[in-house]
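Shown here: query-v5.pdb, PDB, C-alpha atoms.
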ATOM      1  CA  MET Q1050     126.090 100.021  95.827
ATOM      2  CA  THR Q1051     123.437 102.641  96.511
ATOM      3  CA  THR Q1052     123.924 104.906  99.514
ATOM      4  CA  HIS Q1053     120.626 105.120 101.379
ATOM      5  CA  HIS Q1054     120.097 108.384 103.226
ATOM      6  CA  SER Q1055     117.681 108.801 106.097
ATOM      7  CA  PRO Q1056     114.592 110.787 105.073
ATOM      8  CA  PRO Q1057     113.903 114.183 106.615
ATOM      9  CA  PRO Q1058     111.261 114.637 109.304
ATOM     10  CA  PRO Q1059     107.746 114.599 107.848
ATOM     11  CA  HIS Q1060     106.709 117.794 106.107
ATOM     12  CA  ASP Q1061     104.766 119.983 108.501
ATOM     13  CA  ARG Q1062     101.822 120.113 106.107
ATOM     14  CA  PRO Q1063      99.093 117.773 107.449
ATOM     15  CA  ALA Q1064      97.542 115.078 105.325
ATOM     16  CA  ALA Q1065      94.676 116.298 103.148
ATOM     17  CA  ALA Q1066      91.541 116.941 105.198
ATOM     18  CA  ALA Q1067      89.165 116.670 102.236
ATOM     19  CA  PRO Q1068      87.032 113.527 101.907
ATOM     20  CA  LEU Q1069      88.839 110.719 100.148
ATOM     21  CA  THR Q1070      87.667 110.728  96.525
ATOM     22  CA  VAL Q1071      88.724 108.660  93.542
ATOM     23  CA  PRO Q1072      87.541 110.186  90.252
ATOM     24  CA  HIS Q1073      87.594 108.056  87.124
ATOM     25  CA  TRP Q1074      86.814 108.151  83.412
ATOM     26  CA  THR Q1075      85.526 105.296  81.259
ATOM     27  CA  VAL Q1076      87.431 104.307  78.109
ATOM     28  CA  GLY Q1077      85.537 101.467  76.484
ATOM     29  CA  ARG Q1078      85.423  98.861  79.241
ATOM     30  CA  VAL Q1079      88.361 100.341  81.151
ATOM     31  CA  ALA Q1080      88.008 102.695  84.126
ATOM     32  CA  VAL Q1081      90.949 105.105  84.409
ATOM     33  CA  HIS Q1082      91.328 106.418  87.974
ATOM     34  CA  ARG Q1083      93.102 109.627  88.915
ATOM     35  CA  ILE Q1084      95.170 109.070  92.054
ATOM     36  CA  ASP Q1085      95.606 112.504  93.606
ATOM     37  CA  GLU Q1086      98.781 113.508  95.399
ATOM     38  CA  ILE Q1087      98.865 117.320  95.831
ATOM     39  CA  PRO Q1088      97.893 120.511  93.992
ATOM     40  CA  LEU Q1089     101.138 122.227  93.071
ATOM     41  CA  PRO Q1090     101.723 125.685  94.593
ATOM     42  CA  PRO Q1091     100.655 128.748  92.536
ATOM     43  CA  ALA Q1092     104.304 129.713  92.028
ATOM     44  CA  THR Q1093     104.855 126.494  90.058
ATOM     45  CA  GLY Q1094     103.148 127.773  86.922
ATOM     46  CA  PRO Q1095     105.213 130.949  86.391
ATOM     47  CA  TRP Q1096     108.399 128.958  87.093
ATOM     48  CA  LEU Q1097     107.590 125.928  84.940
ATOM     49  CA  LEU Q1098     105.942 127.784  82.037
ATOM     50  CA  PRO Q1099     107.543 131.241  82.144
ATOM     51  CA  ASP Q1100     105.955 132.383  78.879
ATOM     52  CA  ALA Q1101     102.457 131.586  80.143
ATOM     53  CA  THR Q1102     102.175 135.097  81.508
ATOM     54  CA  PRO Q1103      98.902 136.381  82.984
ATOM     55  CA  GLU Q1104      98.376 138.368  79.785
ATOM     56  CA  VAL Q1105      98.723 135.247  77.601
ATOM     57  CA  VAL Q1106      96.496 133.190  79.863
ATOM     58  CA  ALA Q1107      93.848 135.920  80.130
ATOM     59  CA  ARG Q1108      93.349 135.858  76.347
ATOM     60  CA  GLU Q1109      92.178 132.250  76.633
ATOM     61  CA  ASP Q1110      88.959 132.663  78.574
ATOM     62  CA  TRP Q1111      88.175 128.944  78.184
ATOM     63  CA  LEU Q1112      90.987 128.191  80.663
ATOM     64  CA  ARG Q1113      88.940 129.711  83.492
ATOM     65  CA  PRO Q1114      87.788 128.708  86.026
ATOM     66  CA  HIS Q1115      89.310 125.219  85.993
ATOM     67  CA  PHE Q1116      92.775 125.578  84.489
ATOM     68  CA  ALA Q1117      93.707 129.112  85.591
ATOM     69  CA  ASP Q1118      92.855 131.430  88.453
ATOM     70  CA  PRO Q1119      91.205 134.854  88.032
ATOM     71  CA  GLN Q1120      94.639 136.515  87.983
ATOM     72  CA  GLY Q1121      95.740 134.465  84.973
ATOM     73  CA  VAL Q1122      98.045 132.093  86.860
ATOM     74  CA  VAL Q1123      97.867 128.526  85.578
ATOM     75  CA  ARG Q1124      96.901 125.727  87.946
ATOM     76  CA  LEU Q1125      98.883 122.464  88.082
ATOM     77  CA  ASP Q1126      98.542 119.177  89.977
ATOM     78  CA  SER Q1127     100.579 116.095  90.842
ATOM     79  CA  HIS Q1128      98.724 112.814  90.362
ATOM     80  CA  SER Q1129      98.954 109.359  88.778
ATOM     81  CA  PHE Q1130      96.574 107.242  86.725
ATOM     82  CA  ALA Q1131      95.621 103.646  87.528
ATOM     83  CA  PHE Q1132      93.654 101.182  85.403
ATOM     84  CA  ALA Q1133      93.395  97.508  84.500
ATOM     85  CA  THR Q1134      93.891  96.330  80.923
ATOM     86  CA  GLY Q1135      95.148  93.208  79.159
ATOM     87  CA  GLY Q1136      95.100  91.286  82.414
ATOM     88  CA  LEU Q1137      97.445  93.799  84.108
ATOM     89  CA  ARG Q1138      96.855  96.356  86.842
ATOM     90  CA  VAL Q1139      98.753  99.433  85.675
ATOM     91  CA  LEU Q1140      99.969 102.624  87.340
ATOM     92  CA  VAL Q1141     101.265 105.491  85.171
ATOM     93  CA  ASP Q1142     103.828 107.691  86.960
ATOM     94  CA  THR Q1143     104.238 107.783  90.719
ATOM     95  CA  GLY Q1144     104.326 111.444  91.717
ATOM     96  CA  ILE Q1145     106.606 113.061  94.294
ATOM     97  CA  GLY Q1146     106.424 110.542  97.124
ATOM     98  CA  ASN Q1147     106.378 110.825 100.903
ATOM     99  CA  GLY Q1148     109.330 111.662 103.112
ATOM    100  CA  LYS Q1149     111.732 112.334 100.246
ATOM    101  CA  PRO Q1150     114.553 114.890 100.749
ATOM    102  CA  ARG Q1151     113.976 117.404  97.977
ATOM    103  CA  ALA Q1152     115.473 120.772  97.056
ATOM    104  CA  ASN Q1153     112.036 122.117  96.160
ATOM    105  CA  PRO Q1154     110.466 123.112  99.515
ATOM    106  CA  ALA Q1155     106.976 122.290  98.226
ATOM    107  CA  TRP Q1156     108.073 118.696  97.549
ATOM    108  CA  ASN Q1157     110.362 118.131 100.513
ATOM    109  CA  GLY Q1158     109.310 115.574 103.116
ATOM    110  CA  LEU Q1159     105.710 115.291 101.942
ATOM    111  CA  ARG Q1160     103.122 113.451 103.991
ATOM    112  CA  THR Q1161     100.078 112.682 101.843
ATOM    113  CA  ASP Q1162      97.401 109.993 101.658
ATOM    114  CA  TYR Q1163      98.387 108.919  98.139
ATOM    115  CA  LEU Q1164      98.585 105.194  98.945
ATOM    116  CA  ASP Q1165      95.203 105.332 100.687
ATOM    117  CA  ARG Q1166      93.708 106.863  97.550
ATOM    118  CA  LEU Q1167      95.351 104.229  95.365
ATOM    119  CA  THR Q1168      93.935 101.481  97.583
ATOM    120  CA  ALA Q1169      90.508 103.144  97.658
ATOM    121  CA  ALA Q1170      90.475 103.021  93.863
ATOM    122  CA  GLY Q1171      90.941  99.242  94.082
ATOM    123  CA  PHE Q1172      94.690  99.188  93.437
ATOM    124  CA  PRO Q1173      96.535  98.305  96.653
ATOM    125  CA  PRO Q1174     100.318  98.479  96.154
ATOM    126  CA  ASP Q1175     100.909  94.724  96.250
ATOM    127  CA  ASP Q1176      98.374  94.244  93.428
ATOM    128  CA  ILE Q1177     100.072  96.531  90.888
ATOM    129  CA  ASP Q1178     101.538  94.525  87.979
ATOM    130  CA  LEU Q1179     103.063  97.296  85.857
ATOM    131  CA  VAL Q1180     104.368 100.778  86.663
ATOM    132  CA  VAL Q1181     104.931 102.930  83.570
ATOM    133  CA  LEU Q1182     107.332 105.837  84.073
ATOM    134  CA  THR Q1183     106.808 108.402  81.325
ATOM    135  CA  HIS Q1184     110.218 109.847  82.221
ATOM    136  CA  LEU Q1185     112.661 110.044  85.107
ATOM    137  CA  HIS Q1186     111.914 113.407  86.686
ATOM    138  CA  THR Q1187     111.498 113.872  90.424
ATOM    139  CA  ASP Q1188     107.728 114.404  90.381
ATOM    140  CA  HIS Q1189     107.105 111.251  88.337
ATOM    141  CA  VAL Q1190     109.104 108.623  90.234
ATOM    142  CA  GLY Q1191     108.689 109.464  93.926
ATOM    143  CA  TRP Q1192     106.293 106.709  94.958
ATOM    144  CA  ASN Q1193     108.495 104.139  93.224
ATOM    145  CA  THR Q1194     109.824 103.567  96.734
ATOM    146  CA  ARG Q1195     108.855 103.945 100.376
ATOM    147  CA  TRP Q1196     110.924 104.118 103.558
ATOM    148  CA  ASP Q1197     110.959 100.788 105.394
ATOM    149  CA  ASN Q1198     113.245  99.604 108.188
ATOM    150  CA  GLY Q1199     115.960 102.132 107.460
ATOM    151  CA  THR Q1200     116.072 101.950 103.662
ATOM    152  CA  TRP Q1201     114.129 102.830 100.518
ATOM    153  CA  VAL Q1202     112.307  99.778  99.132
ATOM    154  CA  PRO Q1203     110.025  99.358  96.093
ATOM    155  CA  THR Q1204     106.468 100.409  96.914
ATOM    156  CA  PHE Q1205     105.106  97.981  94.323
ATOM    157  CA  PRO Q1206     107.111  94.805  94.971
ATOM    158  CA  ASN Q1207     105.167  92.627  92.534
ATOM    159  CA  ALA Q1208     105.311  95.066  89.612
ATOM    160  CA  ARG Q1209     107.629  95.534  86.683
ATOM    161  CA  TYR Q1210     108.697  99.176  86.421
ATOM    162  CA  VAL Q1211     109.019 100.202  82.761
ATOM    163  CA  THR Q1212     110.658 103.205  81.142
ATOM    164  CA  ALA Q1213     112.369 103.875  77.818
ATOM    165  CA  ARG Q1214     115.955 102.701  77.452
ATOM    166  CA  ALA Q1215     116.747 106.069  75.809
ATOM    167  CA  GLU Q1216     115.533 107.822  78.968
ATOM    168  CA  TYR Q1217     117.593 105.755  81.378
ATOM    169  CA  ASP Q1218     120.706 105.879  79.210
ATOM    170  CA  PHE Q1219     120.500 109.671  78.893
ATOM    171  CA  TRP Q1220     120.481 110.226  82.643
ATOM    172  CA  ALA Q1221     123.155 107.576  83.182
ATOM    173  CA  GLY Q1222     125.526 109.747  81.134
ATOM    174  CA  TYR Q1223     124.319 113.113  82.435
ATOM    175  CA  ALA Q1224     126.310 115.322  84.811
ATOM    176  CA  MET Q1225     123.676 115.419  87.551
ATOM    177  CA  ASP Q1226     123.573 117.948  90.353
ATOM    178  CA  GLU Q1227     123.218 116.625  93.904
ATOM    179  CA  PRO Q1228     119.394 116.945  94.145
ATOM    180  CA  ARG Q1229     118.970 114.826  91.011
ATOM    181  CA  ARG Q1230     121.527 112.280  92.241
ATOM    182  CA  GLN Q1231     119.564 112.072  95.482
ATOM    183  CA  MET Q1232     116.366 111.409  93.543
ATOM    184  CA  PHE Q1233     118.017 108.557  91.657
ATOM    185  CA  ARG Q1234     119.428 107.161  94.916
ATOM    186  CA  ASP Q1235     116.089 107.052  96.687
ATOM    187  CA  SER Q1236     113.591 106.488  93.868
ATOM    188  CA  VAL Q1237     115.261 104.820  90.865
ATOM    189  CA  HIS Q1238     118.302 102.822  91.984
ATOM    190  CA  PRO Q1239     116.429 100.775  94.625
ATOM    191  CA  VAL Q1240     114.007  99.578  91.948
ATOM    192  CA  ALA Q1241     116.873  98.624  89.627
ATOM    193  CA  GLU Q1242     118.742  96.891  92.455
ATOM    194  CA  ALA Q1243     115.617  94.865  93.260
ATOM    195  CA  GLY Q1244     115.590  93.604  89.654
ATOM    196  CA  LEU Q1245     112.240  95.257  88.912
ATOM    197  CA  LEU Q1246     113.268  97.856  86.307
ATOM    198  CA  ASP Q1247     112.673  97.047  82.625
ATOM    199  CA  LEU Q1248     114.188  99.265  79.943
ATOM    200  CA  VAL Q1249     112.339  99.089  76.640
ATOM    201  CA  ASP Q1250     113.294 100.192  73.150
ATOM    202  CA  VAL Q1251     110.465 102.329  71.770
ATOM    203  CA  PRO Q1252     110.186 102.575  67.963
ATOM    204  CA  ALA Q1253     108.424 105.433  66.201
ATOM    205  CA  ASP Q1254     105.068 103.650  66.248
ATOM    206  CA  GLY Q1255     105.404 102.734  69.907
ATOM    207  CA  VAL Q1256     105.570  99.483  71.825
ATOM    208  CA  GLU Q1257     102.755  97.447  73.391
ATOM    209  CA  PRO Q1258     103.573  95.998  76.830
ATOM    210  CA  ALA Q1259     100.011  94.653  77.186
ATOM    211  CA  PRO Q1260      96.958  94.350  74.934
ATOM    212  CA  GLY Q1261      95.289  97.741  74.647
ATOM    213  CA  LEU Q1262      98.293  99.585  76.082
ATOM    214  CA  ARG Q1263     100.863 101.357  73.909
ATOM    215  CA  LEU Q1264     103.862 103.458  74.899
ATOM    216  CA  LEU Q1265     104.476 106.234  72.363
ATOM    217  CA  PRO Q1266     107.733 108.168  71.944
ATOM    218  CA  THR Q1267     107.191 111.864  72.686
ATOM    219  CA  PRO Q1268     110.751 113.208  73.072
ATOM    220  CA  GLY Q1269     111.871 116.723  73.848
ATOM    221  CA  HIS Q1270     110.955 117.328  77.459
ATOM    222  CA  THR Q1271     113.401 114.486  78.016
ATOM    223  CA  PRO Q1272     115.058 112.319  75.342
ATOM    224  CA  GLY Q1273     113.118 109.157  76.166
ATOM    225  CA  HIS Q1274     109.813 110.704  77.214
ATOM    226  CA  LEU Q1275     106.742 108.508  76.695
ATOM    227  CA  ALA Q1276     103.027 109.159  76.343
ATOM    228  CA  VAL Q1277     100.682 106.305  77.189
ATOM    229  CA  GLN Q1278      97.852 105.298  74.861
ATOM    230  CA  LEU Q1279      94.967 103.130  76.044
ATOM    231  CA  THR Q1280      92.374 101.562  73.748
ATOM    232  CA  SER Q1281      89.252  99.544  74.558
ATOM    233  CA  GLU Q1282      86.226  98.682  72.423
ATOM    234  CA  GLY Q1283      86.988 101.410  69.886
ATOM    235  CA  ALA Q1284      87.603 104.138  72.483
ATOM    236  CA  THR Q1285      91.031 105.703  72.993
ATOM    237  CA  ALA Q1286      92.704 107.710  75.748
ATOM    238  CA  LEU Q1287      96.137 109.275  75.938
ATOM    239  CA  ILE Q1288      98.047 110.100  79.134
ATOM    240  CA  THR Q1289     100.353 113.008  78.376
ATOM    241  CA  GLY Q1290     103.188 112.785  80.869
ATOM    242  CA  ASP Q1291     105.048 116.087  80.421
ATOM    243  CA  CYS Q1292     104.978 116.450  76.641
ATOM    244  CA  VAL Q1293     102.083 118.794  77.499
ATOM    245  CA  HIS Q1294     102.134 120.278  80.984
ATOM    246  CA  HIS Q1295      99.040 122.452  80.839
ATOM    247  CA  PRO Q1296      96.059 123.199  78.531
ATOM    248  CA  VAL Q1297      97.423 126.689  77.756
ATOM    249  CA  GLN Q1298      99.884 124.851  75.493
ATOM    250  CA  PHE Q1299      96.974 123.696  73.323
ATOM    251  CA  ALA Q1300      96.347 127.326  72.416
ATOM    252  CA  HIS Q1301     100.077 128.122  72.270
ATOM    253  CA  PRO Q1302     102.016 124.999  71.243
ATOM    254  CA  ALA Q1303     105.267 126.989  71.069
ATOM    255  CA  LEU Q1304     105.009 127.692  74.775
ATOM    256  CA  GLY Q1305     107.569 125.415  76.438
ATOM    257  CA  SER Q1306     108.719 124.388  79.880
ATOM    258  CA  CYS Q1307     111.860 125.603  81.627
ATOM    259  CA  ALA Q1308     112.603 121.915  82.279
ATOM    260  CA  ASP Q1309     112.602 120.848  78.606
ATOM    261  CA  VAL Q1310     115.914 119.208  77.713
ATOM    262  CA  ASP Q1311     115.406 120.004  74.008
ATOM    263  CA  PRO Q1312     112.888 122.868  73.669
ATOM    264  CA  ALA Q1313     112.705 122.764  69.854
ATOM    265  CA  LEU Q1314     112.049 119.024  69.813
ATOM    266  CA  ALA Q1315     109.517 119.378  72.640
ATOM    267  CA  GLU Q1316     107.582 121.936  70.592
ATOM    268  CA  ALA Q1317     107.701 119.785  67.443
ATOM    269  CA  THR Q1318     106.471 116.781  69.429
ATOM    270  CA  ARG Q1319     103.647 118.794  70.979
ATOM    271  CA  ARG Q1320     102.499 120.159  67.614
ATOM    272  CA  ARG Q1321     102.592 116.712  66.045
ATOM    273  CA  LEU Q1322     100.693 115.137  68.922
ATOM    274  CA  LEU Q1323      97.991 117.801  69.142
ATOM    275  CA  GLY Q1324      97.498 117.712  65.383
ATOM    276  CA  ALA Q1325      97.078 113.941  65.494
ATOM    277  CA  LEU Q1326      94.586 114.137  68.383
ATOM    278  CA  ALA Q1327      92.384 117.000  67.177
ATOM    279  CA  GLY Q1328      88.889 115.904  66.260
ATOM    280  CA  THR Q1329      89.496 112.218  66.948
ATOM    281  CA  GLY Q1330      87.495 111.972  70.168
ATOM    282  CA  THR Q1331      90.534 110.669  72.046
ATOM    283  CA  LEU Q1332      90.276 111.371  75.767
ATOM    284  CA  VAL Q1333      93.376 113.311  76.817
ATOM    285  CA  LEU Q1334      94.387 112.835  80.453
ATOM    286  CA  GLY Q1335      96.898 115.439  81.588
ATOM    287  CA  THR Q1336      99.478 114.283  84.080
ATOM    288  CA  HIS Q1337      99.643 117.788  85.585
ATOM    289  CA  PHE Q1338      96.238 119.134  84.495
ATOM    290  CA  PRO Q1339      94.144 120.217  87.504
ATOM    291  CA  PRO Q1340      90.541 119.006  87.775
ATOM    292  CA  PRO Q1341      88.690 118.241  85.572
ATOM    293  CA  THR Q1342      92.020 116.872  84.228
ATOM    294  CA  ALA Q1343      90.635 115.275  81.054
ATOM    295  CA  GLY Q1344      89.259 116.502  77.773
ATOM    296  CA  ARG Q1345      89.093 116.191  74.006
ATOM    297  CA  VAL Q1346      91.176 118.204  71.554
ATOM    298  CA  THR Q1347      89.453 120.475  69.065
ATOM    299  CA  GLY Q1348      91.018 122.671  66.404
ATOM    300  CA  HIS Q1349      90.793 126.433  66.876
ATOM    301  CA  GLY Q1350      92.304 128.505  64.086
ATOM    302  CA  GLU Q1351      95.929 127.465  63.778
ATOM    303  CA  ALA Q1352      95.993 126.023  67.277
ATOM    304  CA  TYR Q1353      93.802 123.937  69.577
ATOM    305  CA  ARG Q1354      91.601 123.907  72.617
ATOM    306  CA  LEU Q1355      90.788 121.284  75.220
ATOM    307  CA  ARG Q1356      87.092 120.596  75.756
ATOM    308  CA  PRO Q1357      86.874 119.358  79.376
ATOM    309  CA  VAL Q1358      85.352 115.976  80.184
ATOM    310  CA  PRO Q1359      84.426 115.567  83.857
ATOM    311  CA  PRO Q1360      84.981 112.251  85.622
ATOM    312  CA  VAL Q1361      82.214 109.665  85.696
ATOM    313  CA  ASP Q1362      82.031 109.812  89.472
ATOM    314  CA  ALA Q1363      84.115 109.989  92.603
ATOM    315  CA  ARG Q1364      83.792 107.054  94.958
ATOM    316  CA  ARG Q1365      84.109 107.948  98.640
ATOM    317  CA  ARG Q1366      85.836 105.685 101.125
TER     318      ARG Q1366
END
Written as structure tokens, that's how I'd like the structure from this file.
Amino acid sequence: MTTHHSPPPPHDRPAAAAPLTVPHWTVGRVAVHRIDEIPLPPATGPWLLPDATPEVVAREDWLRPHFADPQGVVRLDSHSFAFATGGLRVLVDTGIGNGKPRANPAWNGLRTDYLDRLTAAGFPPDDIDLVVLTHLHTDHVGWNTRWDNGTWVPTFPNARYVTARAEYDFWAGYAMDEPRRQMFRDSVHPVAEAGLLDLVDVPADGVEPAPGLRLLPTPGHTPGHLAVQLTSEGATALITGDCVHHPVQFAHPALGSCADVDPALAEATRRRLLGALAGTGTLVLGTHFPPPTAGRVTGHGEAYRLRPVPPVDARRR
């Protein structure tokens, strides 16, 4: 039985004052919407990618102004992607969530307009059919649930929540600290208890939960990490999850995250993925890339660059 803890008081940060915008990109006949949650604080980059020093970042002038600030600190975001394909309305990753007790002060007790943005994009919570969780980290599962009548309940009650069996099994046998146990209590276990969680076996060539949608194994950051490939009318997009956190890793694929479970495997996965994407025209959508968020991979010497692709538009509501 899950122990449900009361959430903390709302974070004292007000809801975003900016106009409500819903940027999207077109992949064949599919519109992929970015559902914004929050920009991550500047201190996130040096913590998450400790080897992405200002000196390293400054050598890559193409990262400015979008992906790094003038001081060479990388910019990162928390957002999801929503689209309709194969007759399903799909959400990829669910961010940090509102009102969740979190050890990270920047994530604790958030109060954002995420669900309003999702609805503005044409994806109200009750209409979501499939939630794909690239992995089970705190900033990817938070909106799995919402606080209702004294307990955490699934935010998307009509959806199947999908993640890799290897991912779930790894954490089930892991000696978690209390903050991670809390995250599972409020954002993963309620979904499983509601009978909405599907664990899938993912072979080397991936698995297709719907026509035009393929889940690809990209292990290293976590053992069961997934990237999400979308195809429509000959066009292809790939949502990274955390196998690539930031475009600086295109130029320096050996540059890893402090949160990688297996750093060597994470690097090998990143090199393999970037090599496979370079020059193909695939639209890469970064789960933590700040605006413009998307781009196409080009080779550059022995490494790569990301050529940004701006969104088609941003509908205001």
Result set of the PyMOL selection byres ((chain Q and resi 1189) around 6) on the coordinates above, as JSON, numbers by chain:
{"Q": [1142, 1143, 1144, 1186, 1187, 1188, 1190]}
Determine, using all atoms listed in the file, which residues of segment 1207-1234 of chain Q have any atom at most 12 Å from an atom of segment 1299-1312 of chain Q, and tabulate each with its shortest atom pair and distance in Å to one decimal place, rows ordered by chain and then rising number, as JSON lines.
{"residue": "Q:Glu1216", "atom": "CA", "partner": "Q:Val1310", "partner_atom": "CA", "distance": 11.5}
{"residue": "Q:Phe1219", "atom": "CA", "partner": "Q:Val1310", "partner_atom": "CA", "distance": 10.6}
{"residue": "Q:Trp1220", "atom": "CA", "partner": "Q:Val1310", "partner_atom": "CA", "distance": 11.2}
{"residue": "Q:Tyr1223", "atom": "CA", "partner": "Q:Val1310", "partner_atom": "CA", "distance": 11.4}
I need the chosen residues saved as a PDB file, in the frame of the given file, with C-alpha atoms.
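And here is the file that came out, part-v2.pdb:
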ATOM      1  CA  GLU Q1216     115.533 107.822  78.968  1.00  0.00           C
ATOM      2  CA  PHE Q1219     120.500 109.671  78.893  1.00  0.00           C
ATOM      3  CA  TRP Q1220     120.481 110.226  82.643  1.00  0.00           C
ATOM      4  CA  TYR Q1223     124.319 113.113  82.435  1.00  0.00           C
TER       5      TYR Q1223
END
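When only C-alpha atoms are used to compute distances to Phe1130 of chain Q, the closest of the residues Q:Gly1191, Q:Gly1335, Q:Gly1077, Q:Gly1273 turns out to be Q:Gly1335.
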Computed interatomic separation between atom CA of Trp1156 of chain Q and atom CA of Leu1179 of chain Q (Å):
24.9 Å
Figure out the distance between atom CA of Ala1117 of chain Q and atom CA of Leu1097 of chain Q, please, to one decimal in Å.
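So the answer is 14.3 Å.
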Quick one: which residues end up in the PyMOL selection byres ((chain Q and resi 1346-1360) around 7) for this structure, as a list in words?
Pro1072, His1073, Trp1074, Pro1296, Phe1299, Ala1300, His1301, Leu1326, Ala1327, Gly1328, Pro1341, Ala1343, Gly1344, Arg1345, Val1361 and Asp1362 of chain Q
Computed interatomic separation between atom CA of Asp1085 of chain Q and atom CA of Pro1268 of chain Q (Å):
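These two atoms are separated by 25.5 Å.
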Would you write out, as a list in words, every residue that the PyMOL selection byres ((chain Q and resi 1149) around 7) captures in this file?
Pro1056, Pro1057, Gly1146, Asn1147, Gly1148, Pro1150, Arg1151, Asn1157, Gly1158 and Leu1159 of chain Q
With all atoms listed in the file as the basis for distance, which of Q:Thr1342, Q:Thr1183, Q:Gln1278, Q:Thr1331 is at the shortest distance from His1295 of chain Q?
Q:Thr1342
Pull out segment 1074-1087 of chain Q, keep N, CA, C and O atoms, and write it as a compact mmCIF listing (two decimals), in the first residue's frame.
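Result file follows (out.txt):
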# COMPACT_ATOMS: atom_id res chain seq x y z
N TRP Q 1074 6.19 22.04 -34.05
CA TRP Q 1074 6.93 21.71 -35.26
C TRP Q 1074 6.11 20.70 -36.06
O TRP Q 1074 5.38 19.90 -35.47
N THR Q 1075 6.26 20.73 -37.38
CA THR Q 1075 5.53 19.82 -38.24
C THR Q 1075 6.45 18.70 -38.70
O THR Q 1075 7.55 18.95 -39.22
N VAL Q 1076 6.01 17.47 -38.49
CA VAL Q 1076 6.73 16.27 -38.95
C VAL Q 1076 5.77 15.51 -39.84
O VAL Q 1076 4.86 14.84 -39.36
N GLY Q 1077 5.95 15.65 -41.16
CA GLY Q 1077 4.95 15.07 -42.06
C GLY Q 1077 3.60 15.72 -41.79
O GLY Q 1077 3.45 16.94 -41.86
N ARG Q 1078 2.62 14.91 -41.42
CA ARG Q 1078 1.29 15.43 -41.12
C ARG Q 1078 1.06 15.60 -39.62
O ARG Q 1078 -0.05 15.91 -39.18
N VAL Q 1079 2.10 15.40 -38.83
CA VAL Q 1079 1.97 15.44 -37.37
C VAL Q 1079 2.53 16.75 -36.83
O VAL Q 1079 3.65 17.16 -37.19
N ALA Q 1080 1.77 17.41 -35.97
CA ALA Q 1080 2.24 18.60 -35.26
C ALA Q 1080 2.72 18.17 -33.88
O ALA Q 1080 1.96 17.58 -33.11
N VAL Q 1081 3.98 18.46 -33.58
CA VAL Q 1081 4.56 18.13 -32.27
C VAL Q 1081 4.64 19.41 -31.45
O VAL Q 1081 5.35 20.36 -31.81
N HIS Q 1082 3.90 19.45 -30.34
CA HIS Q 1082 3.78 20.64 -29.50
C HIS Q 1082 4.72 20.54 -28.31
O HIS Q 1082 4.80 19.49 -27.67
N ARG Q 1083 5.40 21.64 -28.02
CA ARG Q 1083 6.21 21.71 -26.81
C ARG Q 1083 5.36 22.28 -25.69
O ARG Q 1083 4.86 23.41 -25.79
N ILE Q 1084 5.20 21.52 -24.62
CA ILE Q 1084 4.40 21.95 -23.48
C ILE Q 1084 5.36 22.43 -22.39
O ILE Q 1084 5.98 21.65 -21.68
N ASP Q 1085 5.48 23.74 -22.27
CA ASP Q 1085 6.46 24.33 -21.36
C ASP Q 1085 6.05 24.16 -19.91
O ASP Q 1085 4.88 24.31 -19.55
N GLU Q 1086 7.04 23.89 -19.07
CA GLU Q 1086 6.85 23.88 -17.63
C GLU Q 1086 7.64 25.05 -17.03
O GLU Q 1086 7.06 26.09 -16.74
N ILE Q 1087 8.96 24.91 -16.88
CA ILE Q 1087 9.77 26.02 -16.37
C ILE Q 1087 11.15 25.99 -17.02
O ILE Q 1087 11.67 24.92 -17.37
